[in-house]
Every structure is written in structure tokens, then in C-alpha cells.
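Since the structure comes first, as C-alpha cells, the remarks are kept for the end.
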Protein chains: 2
Amino acid sequence: MGGARVTSIQVAKRAGVSQSAVSRVFTQGASVSKKTADKVKKAAEELGYRPNVLARSLITGKSHMIGLMVAYLENYFYPEALEKLSNALQAEGYHVLVFMAEQTTGNMDKVLDEILDYQVDGLIMASVAISSELAARCQAAGVPVVLFNRNQDDERLSAVTSDNVAGGRKIADFLIRAGHHRIGYIAGWEGASTQRDREAGFRSGLQDAGHELYARETGEFQYEQAQEAARRMFDKKERPDAVFVANDHMAFAVMDVLRFELGLDIPGDVSVVGFDDVPLAAWPAYDLTTVRQRANQMVAETVRTLLANIEHRDAEPRRVAIEGPLIVRGSSRKPKDWSE
Amino acid sequence: MGGARVTSIQVAKRAGVSQSAVSRVFTQGASVSKKTADKVKKAAEELGYRPNVLARSLITGKSHMIGLMVAYLENYFYPEALEKLSNALQAEGYHVLVFMAEQTTGNMDKVLDEILDYQVDGLIMASVAISSELAARCQAAGVPVVLFNRNQDDERLSAVTSDNVAGGRKIADFLIRAGHHRIGYIAGWEGASTQRDREAGFRSGLQDAGHELYARETGEFQYEQAQEAARRMFDKKERPDAVFVANDHMAFAVMDVLRFELGLDIPGDVSVVGFDDVPLAAWPAYDLTTVRQRANQMVAETVRTLLANIEHRDAEPRRVAIEGPLIVRGSSRKPKDWSE
DNA sequence: GTGAAAGCGCTAACAC
DNA sequence: GTGTTAGCGCTTTCAC
């Protein structure tokens with residue numbers, strides 16, 4: 001009882017074969033006779049033997065582990081993505097080694113070192129912006145990287161995102177069609193490409209229709225800070241009649257302030273639109289109009305891209321932007337000619 | 001550019017020392033002269049060398065990886081716990097290898113095999129019930145296990161939970177003091193100890209006051225199923241005037257149905273109480289009365305217990321039940337003599 | 001304090 | 001097809 005892990009040598013002895021025969025039985029695509037295989041399998045079963053994947057990885061150079069670097073799980077989009085990523089990778093024989101990084105503190109270098117120490121075959125960075133220098137370190141270590149829900153200028157990096165620019169534009173179009181004139185925007189953390197792209201698309205959509213932003217505050221993608229942004233924007237006479245909030249998580253905070261602190265009616269006094277379509281957005285308490293991020297597709301593309309880069313070192317970096325639909329719910333006024 | 005990972009031999013050559021000298025520089029508590037250490041560190045820095053922890057683990061027998069088996073992240077309590085667990089373990093030099101398991105399908109055996117293949121030093125099972133047979137397998141492999149937010153009869157397993165029985169009782173007391181007479185319960189998945197303990201405490205609290213359950217339905221810890229449970233329980237003349245829902249996640253579903261489908265007032269027509277105190281419970285849209293699970297303490301105890309069991313093979317299994325306070329908010333009627 | 005040598009558990013050449 | 005051998009990158013005796 002306890003501790004004594006079984007090795008291939010013990011199995012070999014018991015089966016009356018060589019140690020390498022045992023190895024072959026457990027190695028994909030090695031040639032063994034059925035007879036030997038049976039003997040070995042029987043002995044392995046009896047002893048409870050399973051190959052040590054760490055020892056194997058030392059030789060093959062593949063650990064079958066994927067590092068996942070993630071900054072915060074507060075926004076429900078990320079746990080959902082993590083679950084899907086983990087499941088998808090598990091189905092491909094990979095497993096996820098999690099590293100929590102704090103975007104703000106400069107501990108990303110240290111965390112990256114730790115990741116590389118574990119000889120991961122690839123790296124997914126979710127909700128994390130990566131500097132060119134860090135990217136170069138991964139490159140040097142031969143570890144492919146895919147950014148998930150973040151984009152970066154560096155051409156050598158693969159990235160999978162929603163089409164945030166198109167999403168922002170859709171929201172602008174929708175709010176204008178609904179007859180809004182004083183349209184506000186509550187921004188996320190300025191270091192995030194999602195923030196920048198959503199705002200850029202939104203502004204260009206407004207501009208194309210001859211409108212411009214009526215008010216702007218920032219909520220840093222945090223619930224409390226989004227509440228304060230909403231207070232600053234709405235606790236006065238002249239306030240917006242519509243607001244696009246850079247993600248759902250903050251949109252909930254904004255709705256809470258508008259309805260429960262300021263006594264405003266949504267969408268009677270003000271329309272609110274978010275971005276992500278997390279499950280909570282569909283619950284009747286919020287019933288939030290939002291742009292859907294197609295998490296399943298994003299995950300599938302991320303895994304596909306990463307595995308391609310692992311298998312062919314010279315595979316081209318891919319940048320995928322997945323378009324998501326605007327999901328119209330009760331938090332926003334509808335255009336007159338709206339049909340559905 | 002690409003792939004060529006640096007080994008200790010290369011560093012040794014460059015520093016003009018033996019390979020074992022290099023090893024000693026990077027090994028905790030090995031004796032090296034400052035002079036050698038400096039030479040080696042310099043060479044390592046120049047080449048970008050870092051020890052391969054997988055190769056190290058082959059010798060030391062410690063991978064410094066902790067397997068985390070988790071069934072679902074839908075309930076926000078779990079992502080929050082995962083983030084805290086990962087951070088706490090990271091601070092101790094360990095990292096989390098994630099395995100998603102489906103409680104229902106019988107794939108837990110397969111998943112456990114995969115975990116053990118990676119030579120994890122310990123195993124945390126969150127939101128997962130483990131059979132005695134599986135526990136025995138871990139025991140045999142010498143891998144300590146701690147159950148997180150689950151309990152089990154098996155004496156050899158460590159487990160960290162809230163004091164769910166006491167929590168359930170607190171809720172019963174509170175609802176009775178508030179003058180409720182028709183008190184319902186919406187259960188979680190029956191296979192979970194959290195479900196059983198919360199219900200047991202709740203029932204015994206009612207019983208001690210001469211009350212009994214007025215209605216009972218099950219929601220399986222799922223949002224949609226909890227909605228249906230609420231419909232079954234409340235869409236009729238004779239309905240409860242209070243309901244305890246086995247966790248917050250389901251309580252939100254129940255509140256949504258009561259308010260938006262059935263037009264009931266909370267707490268005017270019915271009081272709702274949950275369990276967990278996830279962040280959303282404090283948001284004004286729900287403002288849910290609930291028993292707090294002290295996630296930080298649970299995580300700290302889990303890590304402490306696990307590391308103790310890793311360091312001393314013969315450490316006793318520990319069972320920790322952490323008491324959490326009832327957080328009274330607006331979803332429930334208050335007792336007349338309530339002061340705060 | 002330091003280098004030489006053994007070996008962790010395994011895979012992959014290599015002969016037969 | 002099978003056993004023998006080398007060696008993945010590292011830690012840890014063991015002499016000196």
C-alpha cells in the first residue's frame with residue numbers, strides 16, 4: 001500500500017520478455033506480435049502498470065501538456081472558455097497546465113519561465129496581452145503560442161478572436177436605427193485589444209452615420225469600476241439615451257446602477273448593450289442585448305491552430321476573427337422597422 | 001530561432017565546469033562555492049538555460065504538479081475556487097494540471113488514469129464525488145487526495161467543505177423566526193454531499209422547531225432544471241411562502257421564474273435563500289440572502305492538507321468543515337426582532 | 001567543493 | 001518481431 005509505482009522492467013520480468021518489448025506494447029505504431037502484446041498486457045494489468053508520461057516525454061520531446069496563461073476568471077466568458085479548451089485538448093490527448101498571471105503586476109516574465117520549465121508543447125494566452133519580448137522567448141524555446149480573445153501586432157503570433165470591430169459597428173448601427181442620439185460608451189482596460197477593437201468599430205459605425213460619441217468613461221472590465229463609470233456618466237441632467245458597454249460583465253454593473261440607484265427604466269430611459277453573450281445575459285433579470293462571442297468556434301480554431309503549429313514547426317501563424325451575431329433582447333429599444 | 005533547448009551540459013562547457021556543478025547551482029541546498037555559482041549563472045544567463053523540471057522529476061520523484069479534477073464550472077463558485085487554488089499552489093511552487101470530468105458519464109476511471117500517468121504529486125477533486133475504488137487506486141499509486149467542497153464516507157480521504165449541516169440549520173432557524181410556515185426546498189444533485197448535508201441540516205432545523213418541509217423539488221444544480229423545479233413548486237394556488245434553494249446558481253433561476261414568469265414579489269410573496277454567496281448574489285438585481293462559503297479559508301485548508309500529505313506520507317487524513325455566516329439580504333423577509 | 005559515474009523510466013536505433 | 005544498447009536531461013552518491 002502506497003507509493004511503489006510499477007515500472008516497465010517489473011512488467012517485463014513478469015511477462016518473460018524484454019523491457020523494450022513492454023515499451024513497444026504501449027507505444028503508438030510500434031510492431032509487436034499479438035502473442036507478446038497479450039502477455040505484456042496481462043502482466044501490466046496484474047501489476048497495475050501504466051507508462052510514466054514524464055519519462056516518455058524526456059525522449060520524445062513532447063510532454064503533451066499545453067500551458068494556459070489566464071489573468072482573471074471573474075468575467076464568466078473565461079471559465080466557460082477554459083472548460084471548453086480543456087475538453088477539446090483532452091480529446092486530442094493533451095492536458096492543460098494552468099498559470100494565473102496578473103496583467104498589472106510585472107510577474108508575467110516569471111510565470112512564463114515557469115511555464116517553459118515544464119516543457120509544454122504549446123501555450124495559450126487567454127485574456128492576456130503579451131509583449132514582443134515574451135513572444136520572442138517562446139519562439140526561442142520552440143513553443144508555439146496562440147492568443148485567445150486577444151490580438152497583437154506581432155506578426156509571428158497566432159491569434160483567435162471575435163471580429164470585434166465588426167461587432168462594435170453592428171451595435172452602432174443598431175442603436176442609430178433605433179433612433180438614439182446621445183450614445184455613450186463604457187470602455188474596458190485600455191491595454192486589451194478587445195477594448196480597442198470594439199471601440200474602434202463602434203466609433204466608425206457612429207461616424208459613418210454622421211454621429212459621434214456623446215460620452216465616454218472607462219470601467220477597466222471590472223464590476224465595481226464599471227458601476228462608478230455609470231454613476232459618472234448618468235448621474236446628471238444631460239445623460240445618454242443609450243450606452244454600449246465593452247463587455248457583458250460590466251454591462252450588468254451598469255444596469256444595476258441605472259435601475260437600482262438612479263431609478264432609470266431600461267430600455268425606456270436608456271438602452272444598454274453589452275458584448276460576449278455570457279449565459280447570464282440571457283437570464284430575465286438582465287435580458288441583455290449583446291454581441292455573441294462564438295466560444296465553441298473560437299476554441300475549435302484555437303486548438304486547431306495550436307496543434308498545427310506543434311506538428312509542423314514551420315506552419316504559418318494564423319489570425320482568425322470570428323464574426324458573431326447581435327443578439328437583441330429587452331435591454332434595448334428596438335428600431336421601428338424591427339421584425340423578428 | 002526555434003526549438004533548440006539548452007541543456008546543463010552546454011552550460012557546463014561554457015562555464016568550464018562539470019555538468020554536475022551546474023546541477024548543484026540550480027538545486028536547492030546543494031553546496032557550491034560562490035565562484036563556481038557565479039560562473040555557472042553567467043553562462044546560464046547567456047545561453048538562456050533553465051533546468052528541465054520533467055527530467056528533474058524523474059529523479060526526485062516529485063513533479064510539483066497537482067492534478068485538479070473538476071466536473072463543471074457553470075456554478076461560479078468553482079471558477080473562483082480554481083483561481084484561488086491555482087494562485088495558492090503557485091505560491092508554493094506547485095502547478096495545476098486540469099482534468100475535466102463528467103460526473104454522470106462513467107469516464108472518471110479513464111480521467112484518473114490520465115492524471116496518474118502524469119505523476120502528479122497530489123490530487124484535488126472539486127465538485128466531484130469519488131468512489132472508494134478510485135480512492136484506493138490513488139492510495140496505491142501513493143498520490144494524496146483532497147476533496148474540495150465534497151465529502152465522502154471513506155475514512156482515508158481528506159476533505160474540505162463548508163459546514164453544510166450547520167448552514168442548512170441556520171437557514172431553517174432564520175426562516176422560522178421570520179414567521180414563515182410553508183417552507184419549500186429545492187434540492188441539488190442527490191449524489192453530492194453538499195446537497196445531502198444542506199438538506200439534512202435544514203430539515204433538522206425545521207424539525208427542532210416543530211415544522212416540516214412543505215414542498216420539495218430537485219434542480220440538479222442546473223439553471224434550467226431549477227427553473228422547472230420552481231414552476232412545479234409555485235405555479236399553483238397553494239404555494240410555499242419561503243424556499244431554500246441548495247445553491248445560489250439555482251436560486252437565481254428560481255428568482256427569475258418567480259418574478260418574471262409568475263409575477264410574484266420577493267420577498268413580499270415569497271422569501272428565497274441560497275447557499276454559496278457567489279459575487280452575483282450581492283448584485284442588486286438578485287440581492288440574495290445566502291450562506292457564505294469561505295472560499296479563501298477552504299482553499300487555504302485544502303492546500304495545507306494536501307501539502308502535508310505530500311511531505312509526510314503518513315500524515316493523517318483531515319476532514320475540515322468551515323462554518324460560514326448567513327448573509328441576510330433583500331430576497332428574504334426579516335424576523336420582526338431583526339437587528340443588524 | 002568538485003568531477004566522474006550511476007541511474008531515474010522510458011523510447012528508438014541497431015543488430016539479429 | 002525481439003533483445004541489446006544507447007541516451008533523453010537531470011540529481012545524487014562517491015571518491016578525491
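Here's how to read the names in the C-alpha cells: chain A, B, ... by the order shown, residue numbers from 1 in each chain, ligand numbers from 1 in the order shown.
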Write out, as JSON lines, each residue of chain C that has an atom at most 10 Å from chain A, together with the closest pair of atoms and their distance in Å to one decimal, counting only C-alpha atoms (C1' of nucleotides), rows going by chain and rising number.
{"residue": "C:DC8", "atom": "C1'", "partner": "A:Ala55", "partner_atom": "CA", "distance": 8.4}
{"residue": "C:DG9", "atom": "C1'", "partner": "A:Ala55", "partner_atom": "CA", "distance": 5.4}
{"residue": "C:DC10", "atom": "C1'", "partner": "A:Arg56", "partner_atom": "CA", "distance": 5.1}
{"residue": "C:DT11", "atom": "C1'", "partner": "A:Ile59", "partner_atom": "CA", "distance": 6.1}
{"residue": "C:DA12", "atom": "C1'", "partner": "A:Ile59", "partner_atom": "CA", "distance": 8.8}
Can you list every residue of chain D that has an atom at most 9 Å from chain B, with its nearest atom pair and the distance in Å to one decimal, using only C-alpha atoms (C1' of nucleotides), ordered by chain then number, as a tab-separated table?
residue	atom	partner	partner_atom	distance
D:DC8	C1'	B:Ala55	CA	8.4
D:DG9	C1'	B:Ala55	CA	5.3
D:DC10	C1'	B:Arg56	CA	5.0
D:DT11	C1'	B:Ile59	CA	6.1
D:DT12	C1'	B:Ile59	CA	8.9
Selected residues, C-alpha atoms (C1' of nucleotides), written as a JSON list (two decimals), in the first residue's frame, please.
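Saved as out.json:
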[["chain", "number", "residue", "atom", "x", "y", "z"],
["D", 8, "DC", "C1'", 16.79, 11.83, -23.15],
["D", 9, "DG", "C1'", 18.42, 15.88, -19.02],
["D", 10, "DC", "C1'", 18.85, 15.72, -14.82],
["D", 11, "DT", "C1'", 20.20, 14.62, -9.42],
["D", 12, "DT", "C1'", 22.88, 12.15, -6.38]]
From the DSSP assignment of the backbone, select every residue of range 22-147 of chain B that is strand (DSSP E), and format the answer as a count of residues only.
20
Any idea which chain A residues end up within 9 Å of chain B if we count only C-alpha atoms, as number ranges by chain please?
A: 1-6, 50-55, 57-58, 63, 65, 72-74, 76, 78-80, 82-83, 86-87, 90, 95-101, 113, 116-119, 136, 138-143, 252-253, 255-257, 259-260, 283-286, 313
Name all residues at most 10 Å from range 291-304 of chain A (count only C-alpha atoms (C1' of nucleotides); drop same-chain ones fewer than 4 positions away) and give them as a PDB file with N, CA and C atoms, in the first residue's frame.
ATOM      1  N   PHE A  77     -17.036  34.657 -19.224  1.00  0.00           N
ATOM      2  CA  PHE A  77     -16.607  34.169 -20.530  1.00  0.00           C
ATOM      3  C   PHE A  77     -15.376  33.268 -20.402  1.00  0.00           C
ATOM      4  N   TYR A  78     -14.501  33.566 -19.464  1.00  0.00           N
ATOM      5  CA  TYR A  78     -13.253  32.822 -19.367  1.00  0.00           C
ATOM      6  C   TYR A  78     -13.377  31.429 -18.758  1.00  0.00           C
ATOM      7  N   GLU A  80     -15.866  29.589 -18.914  1.00  0.00           N
ATOM      8  CA  GLU A  80     -16.536  28.811 -19.955  1.00  0.00           C
ATOM      9  C   GLU A  80     -15.527  28.399 -21.024  1.00  0.00           C
ATOM     10  N   ALA A  81     -14.695  29.336 -21.423  1.00  0.00           N
ATOM     11  CA  ALA A  81     -13.679  29.048 -22.430  1.00  0.00           C
ATOM     12  C   ALA A  81     -12.686  28.018 -21.902  1.00  0.00           C
ATOM     13  N   LEU A  82     -12.297  28.171 -20.663  1.00  0.00           N
ATOM     14  CA  LEU A  82     -11.350  27.233 -20.063  1.00  0.00           C
ATOM     15  C   LEU A  82     -11.909  25.815 -20.090  1.00  0.00           C
ATOM     16  N   GLU A  83     -13.161  25.694 -19.717  1.00  0.00           N
ATOM     17  CA  GLU A  83     -13.780  24.370 -19.712  1.00  0.00           C
ATOM     18  C   GLU A  83     -13.772  23.772 -21.113  1.00  0.00           C
ATOM     19  N   LYS A  84     -14.118  24.584 -22.087  1.00  0.00           N
ATOM     20  CA  LYS A  84     -14.175  24.082 -23.458  1.00  0.00           C
ATOM     21  C   LYS A  84     -12.788  23.788 -24.017  1.00  0.00           C
ATOM     22  N   LEU A  85     -11.858  24.650 -23.730  1.00  0.00           N
ATOM     23  CA  LEU A  85     -10.487  24.411 -24.176  1.00  0.00           C
ATOM     24  C   LEU A  85      -9.956  23.115 -23.583  1.00  0.00           C
ATOM     25  N   SER A  86     -10.157  22.968 -22.291  1.00  0.00           N
ATOM     26  CA  SER A  86      -9.650  21.779 -21.625  1.00  0.00           C
ATOM     27  C   SER A  86     -10.270  20.514 -22.210  1.00  0.00           C
ATOM     28  N   ASN A  87     -11.564  20.557 -22.440  1.00  0.00           N
ATOM     29  CA  ASN A  87     -12.234  19.396 -23.009  1.00  0.00           C
ATOM     30  C   ASN A  87     -11.734  19.089 -24.412  1.00  0.00           C
ATOM     31  N   ALA A  88     -11.587  20.117 -25.215  1.00  0.00           N
ATOM     32  CA  ALA A  88     -11.148  19.913 -26.597  1.00  0.00           C
ATOM     33  C   ALA A  88      -9.731  19.352 -26.632  1.00  0.00           C
ATOM     34  N   LEU A  89      -8.863  19.880 -25.787  1.00  0.00           N
ATOM     35  CA  LEU A  89      -7.482  19.410 -25.768  1.00  0.00           C
ATOM     36  C   LEU A  89      -7.402  17.990 -25.211  1.00  0.00           C
ATOM     37  N   GLU A  92      -7.866  15.458 -27.660  1.00  0.00           N
ATOM     38  CA  GLU A  92      -6.737  15.286 -28.576  1.00  0.00           C
ATOM     39  C   GLU A  92      -5.519  14.709 -27.864  1.00  0.00           C
ATOM     40  N   ILE A 124      -1.331  28.693 -24.640  1.00  0.00           N
ATOM     41  CA  ILE A 124      -2.499  29.502 -24.959  1.00  0.00           C
ATOM     42  C   ILE A 124      -2.546  30.651 -23.966  1.00  0.00           C
ATOM     43  N   VAL A 145       2.644  29.625 -29.751  1.00  0.00           N
ATOM     44  CA  VAL A 145       1.721  30.376 -28.909  1.00  0.00           C
ATOM     45  C   VAL A 145       0.479  30.742 -29.703  1.00  0.00           C
ATOM     46  N   VAL A 146      -0.672  30.614 -29.063  1.00  0.00           N
ATOM     47  CA  VAL A 146      -1.893  31.161 -29.648  1.00  0.00           C
ATOM     48  C   VAL A 146      -2.538  32.089 -28.627  1.00  0.00           C
ATOM     49  N   LEU A 147      -2.851  33.288 -29.067  1.00  0.00           N
ATOM     50  CA  LEU A 147      -3.590  34.211 -28.209  1.00  0.00           C
ATOM     51  C   LEU A 147      -5.078  33.923 -28.352  1.00  0.00           C
ATOM     52  N   PHE A 148      -5.739  33.854 -27.225  1.00  0.00           N
ATOM     53  CA  PHE A 148      -7.172  33.583 -27.231  1.00  0.00           C
ATOM     54  C   PHE A 148      -7.912  34.820 -26.738  1.00  0.00           C
ATOM     55  N   ASN A 149      -8.764  35.355 -27.589  1.00  0.00           N
ATOM     56  CA  ASN A 149      -9.530  36.561 -27.247  1.00  0.00           C
ATOM     57  C   ASN A 149      -8.637  37.784 -27.028  1.00  0.00           C
ATOM     58  N   SER A 158       0.024  33.643 -33.548  1.00  0.00           N
ATOM     59  CA  SER A 158      -1.335  33.298 -33.954  1.00  0.00           C
ATOM     60  C   SER A 158      -2.310  33.882 -32.937  1.00  0.00           C
ATOM     61  N   ALA A 159      -3.483  34.219 -33.400  1.00  0.00           N
ATOM     62  CA  ALA A 159      -4.476  34.791 -32.500  1.00  0.00           C
ATOM     63  C   ALA A 159      -5.876  34.439 -32.968  1.00  0.00           C
ATOM     64  N   VAL A 160      -6.734  34.111 -32.024  1.00  0.00           N
ATOM     65  CA  VAL A 160      -8.133  33.825 -32.327  1.00  0.00           C
ATOM     66  C   VAL A 160      -8.998  34.778 -31.511  1.00  0.00           C
ATOM     67  N   THR A 161      -9.827  35.523 -32.197  1.00  0.00           N
ATOM     68  CA  THR A 161     -10.709  36.473 -31.518  1.00  0.00           C
ATOM     69  C   THR A 161     -12.074  36.453 -32.197  1.00  0.00           C
ATOM     70  N   SER A 162     -13.001  37.191 -31.595  1.00  0.00           N
ATOM     71  CA  SER A 162     -14.190  37.552 -32.346  1.00  0.00           C
ATOM     72  C   SER A 162     -13.803  38.671 -33.301  1.00  0.00           C
ATOM     73  N   ASP A 163     -14.674  38.931 -34.264  1.00  0.00           N
ATOM     74  CA  ASP A 163     -14.471  40.121 -35.083  1.00  0.00           C
ATOM     75  C   ASP A 163     -15.021  41.306 -34.289  1.00  0.00           C
ATOM     76  N   ASN A 164     -14.164  41.836 -33.446  1.00  0.00           N
ATOM     77  CA  ASN A 164     -14.627  42.857 -32.510  1.00  0.00           C
ATOM     78  C   ASN A 164     -14.962  44.172 -33.193  1.00  0.00           C
ATOM     79  N   ALA A 166     -16.170  44.511 -36.282  1.00  0.00           N
ATOM     80  CA  ALA A 166     -17.492  44.332 -36.894  1.00  0.00           C
ATOM     81  C   ALA A 166     -18.582  44.337 -35.826  1.00  0.00           C
ATOM     82  N   GLY A 167     -18.280  43.731 -34.684  1.00  0.00           N
ATOM     83  CA  GLY A 167     -19.256  43.696 -33.598  1.00  0.00           C
ATOM     84  C   GLY A 167     -19.592  45.095 -33.100  1.00  0.00           C
ATOM     85  N   GLY A 168     -18.562  45.901 -32.900  1.00  0.00           N
ATOM     86  CA  GLY A 168     -18.785  47.272 -32.451  1.00  0.00           C
ATOM     87  C   GLY A 168     -19.616  48.057 -33.453  1.00  0.00           C
ATOM     88  N   LYS A 170     -21.784  46.828 -35.607  1.00  0.00           N
ATOM     89  CA  LYS A 170     -23.175  46.342 -35.558  1.00  0.00           C
ATOM     90  C   LYS A 170     -23.969  47.051 -34.476  1.00  0.00           C
ATOM     91  N   ILE A 171     -23.329  47.247 -33.355  1.00  0.00           N
ATOM     92  CA  ILE A 171     -24.022  47.871 -32.228  1.00  0.00           C
ATOM     93  C   ILE A 171     -24.329  49.328 -32.545  1.00  0.00           C
ATOM     94  N   ASN A 247     -18.044  44.991 -22.289  1.00  0.00           N
ATOM     95  CA  ASN A 247     -18.378  43.571 -22.173  1.00  0.00           C
ATOM     96  C   ASN A 247     -19.577  43.368 -21.238  1.00  0.00           C
ATOM     97  N   ASP A 248     -20.144  42.169 -21.295  1.00  0.00           N
ATOM     98  CA  ASP A 248     -21.352  41.882 -20.520  1.00  0.00           C
ATOM     99  C   ASP A 248     -21.137  42.089 -19.028  1.00  0.00           C
ATOM    100  N   VAL A 273     -26.341  47.942 -24.150  1.00  0.00           N
ATOM    101  CA  VAL A 273     -25.872  46.834 -24.987  1.00  0.00           C
ATOM    102  C   VAL A 273     -24.501  46.389 -24.487  1.00  0.00           C
ATOM    103  N   GLY A 274     -24.296  45.080 -24.443  1.00  0.00           N
ATOM    104  CA  GLY A 274     -23.024  44.533 -23.978  1.00  0.00           C
ATOM    105  C   GLY A 274     -22.277  43.801 -25.082  1.00  0.00           C
ATOM    106  N   PHE A 275     -21.336  42.965 -24.670  1.00  0.00           N
ATOM    107  CA  PHE A 275     -20.545  42.196 -25.637  1.00  0.00           C
ATOM    108  C   PHE A 275     -20.054  40.930 -24.950  1.00  0.00           C
ATOM    109  N   ASP A 276     -20.334  39.783 -25.524  1.00  0.00           N
ATOM    110  CA  ASP A 276     -19.888  38.441 -25.073  1.00  0.00           C
ATOM    111  C   ASP A 276     -21.010  37.420 -25.190  1.00  0.00           C
ATOM    112  N   ASP A 277     -22.181  37.817 -24.716  1.00  0.00           N
ATOM    113  CA  ASP A 277     -23.299  36.880 -24.552  1.00  0.00           C
ATOM    114  C   ASP A 277     -22.952  35.732 -23.621  1.00  0.00           C
ATOM    115  N   VAL A 278     -22.566  36.047 -22.424  1.00  0.00           N
ATOM    116  CA  VAL A 278     -22.414  35.016 -21.396  1.00  0.00           C
ATOM    117  C   VAL A 278     -23.807  34.545 -20.986  1.00  0.00           C
ATOM    118  N   ALA A 308      -1.634  22.474 -35.107  1.00  0.00           N
ATOM    119  CA  ALA A 308      -0.948  22.586 -36.396  1.00  0.00           C
ATOM    120  C   ALA A 308       0.461  23.124 -36.199  1.00  0.00           C
ATOM    121  N   ASN A 309       0.599  24.119 -35.358  1.00  0.00           N
ATOM    122  CA  ASN A 309       1.910  24.711 -35.109  1.00  0.00           C
ATOM    123  C   ASN A 309       2.826  23.777 -34.330  1.00  0.00           C
ATOM    124  N   ILE A 310       2.231  22.899 -33.552  1.00  0.00           N
ATOM    125  CA  ILE A 310       3.051  21.935 -32.819  1.00  0.00           C
ATOM    126  C   ILE A 310       3.562  20.860 -33.768  1.00  0.00           C
ATOM    127  N   ARG A 318      -1.587  31.982 -37.734  1.00  0.00           N
ATOM    128  CA  ARG A 318      -2.921  32.289 -38.262  1.00  0.00           C
ATOM    129  C   ARG A 318      -3.584  33.336 -37.387  1.00  0.00           C
ATOM    130  N   ARG A 319      -4.340  34.215 -38.029  1.00  0.00           N
ATOM    131  CA  ARG A 319      -5.117  35.178 -37.249  1.00  0.00           C
ATOM    132  C   ARG A 319      -6.567  34.999 -37.660  1.00  0.00           C
ATOM    133  N   VAL A 320      -7.358  34.530 -36.729  1.00  0.00           N
ATOM    134  CA  VAL A 320      -8.750  34.233 -37.024  1.00  0.00           C
ATOM    135  C   VAL A 320      -9.641  35.198 -36.262  1.00  0.00           C
ATOM    136  N   ALA A 321     -10.558  35.834 -36.963  1.00  0.00           N
ATOM    137  CA  ALA A 321     -11.541  36.699 -36.314  1.00  0.00           C
ATOM    138  C   ALA A 321     -12.919  36.171 -36.670  1.00  0.00           C
ATOM    139  N   ILE A 322     -13.636  35.707 -35.682  1.00  0.00           N
ATOM    140  CA  ILE A 322     -14.914  35.055 -35.916  1.00  0.00           C
ATOM    141  C   ILE A 322     -16.054  36.035 -35.693  1.00  0.00           C
ATOM    142  N   GLU A 323     -16.896  36.150 -36.697  1.00  0.00           N
ATOM    143  CA  GLU A 323     -17.983  37.116 -36.588  1.00  0.00           C
ATOM    144  C   GLU A 323     -19.108  36.532 -35.741  1.00  0.00           C
ATOM    145  N   GLY A 324     -19.629  37.339 -34.859  1.00  0.00           N
ATOM    146  CA  GLY A 324     -20.739  36.886 -34.015  1.00  0.00           C
ATOM    147  C   GLY A 324     -21.946  37.776 -34.220  1.00  0.00           C
ATOM    148  N   PRO A 325     -23.138  37.221 -34.057  1.00  0.00           N
ATOM    149  CA  PRO A 325     -24.366  37.973 -34.301  1.00  0.00           C
ATOM    150  C   PRO A 325     -24.717  38.889 -33.130  1.00  0.00           C
ATOM    151  N   LEU A 326     -25.458  39.926 -33.443  1.00  0.00           N
ATOM    152  CA  LEU A 326     -26.039  40.753 -32.389  1.00  0.00           C
ATOM    153  C   LEU A 326     -27.290  40.045 -31.884  1.00  0.00           C
ATOM    154  N   ILE A 327     -27.332  39.794 -30.606  1.00  0.00           N
ATOM    155  CA  ILE A 327     -28.499  39.140 -30.013  1.00  0.00           C
ATOM    156  C   ILE A 327     -29.350  40.225 -29.363  1.00  0.00           C
ATOM    157  N   VAL A 328     -30.498  40.470 -29.946  1.00  0.00           N
ATOM    158  CA  VAL A 328     -31.329  41.572 -29.457  1.00  0.00           C
ATOM    159  C   VAL A 328     -32.277  41.077 -28.377  1.00  0.00           C
TER     160      VAL A 328
END
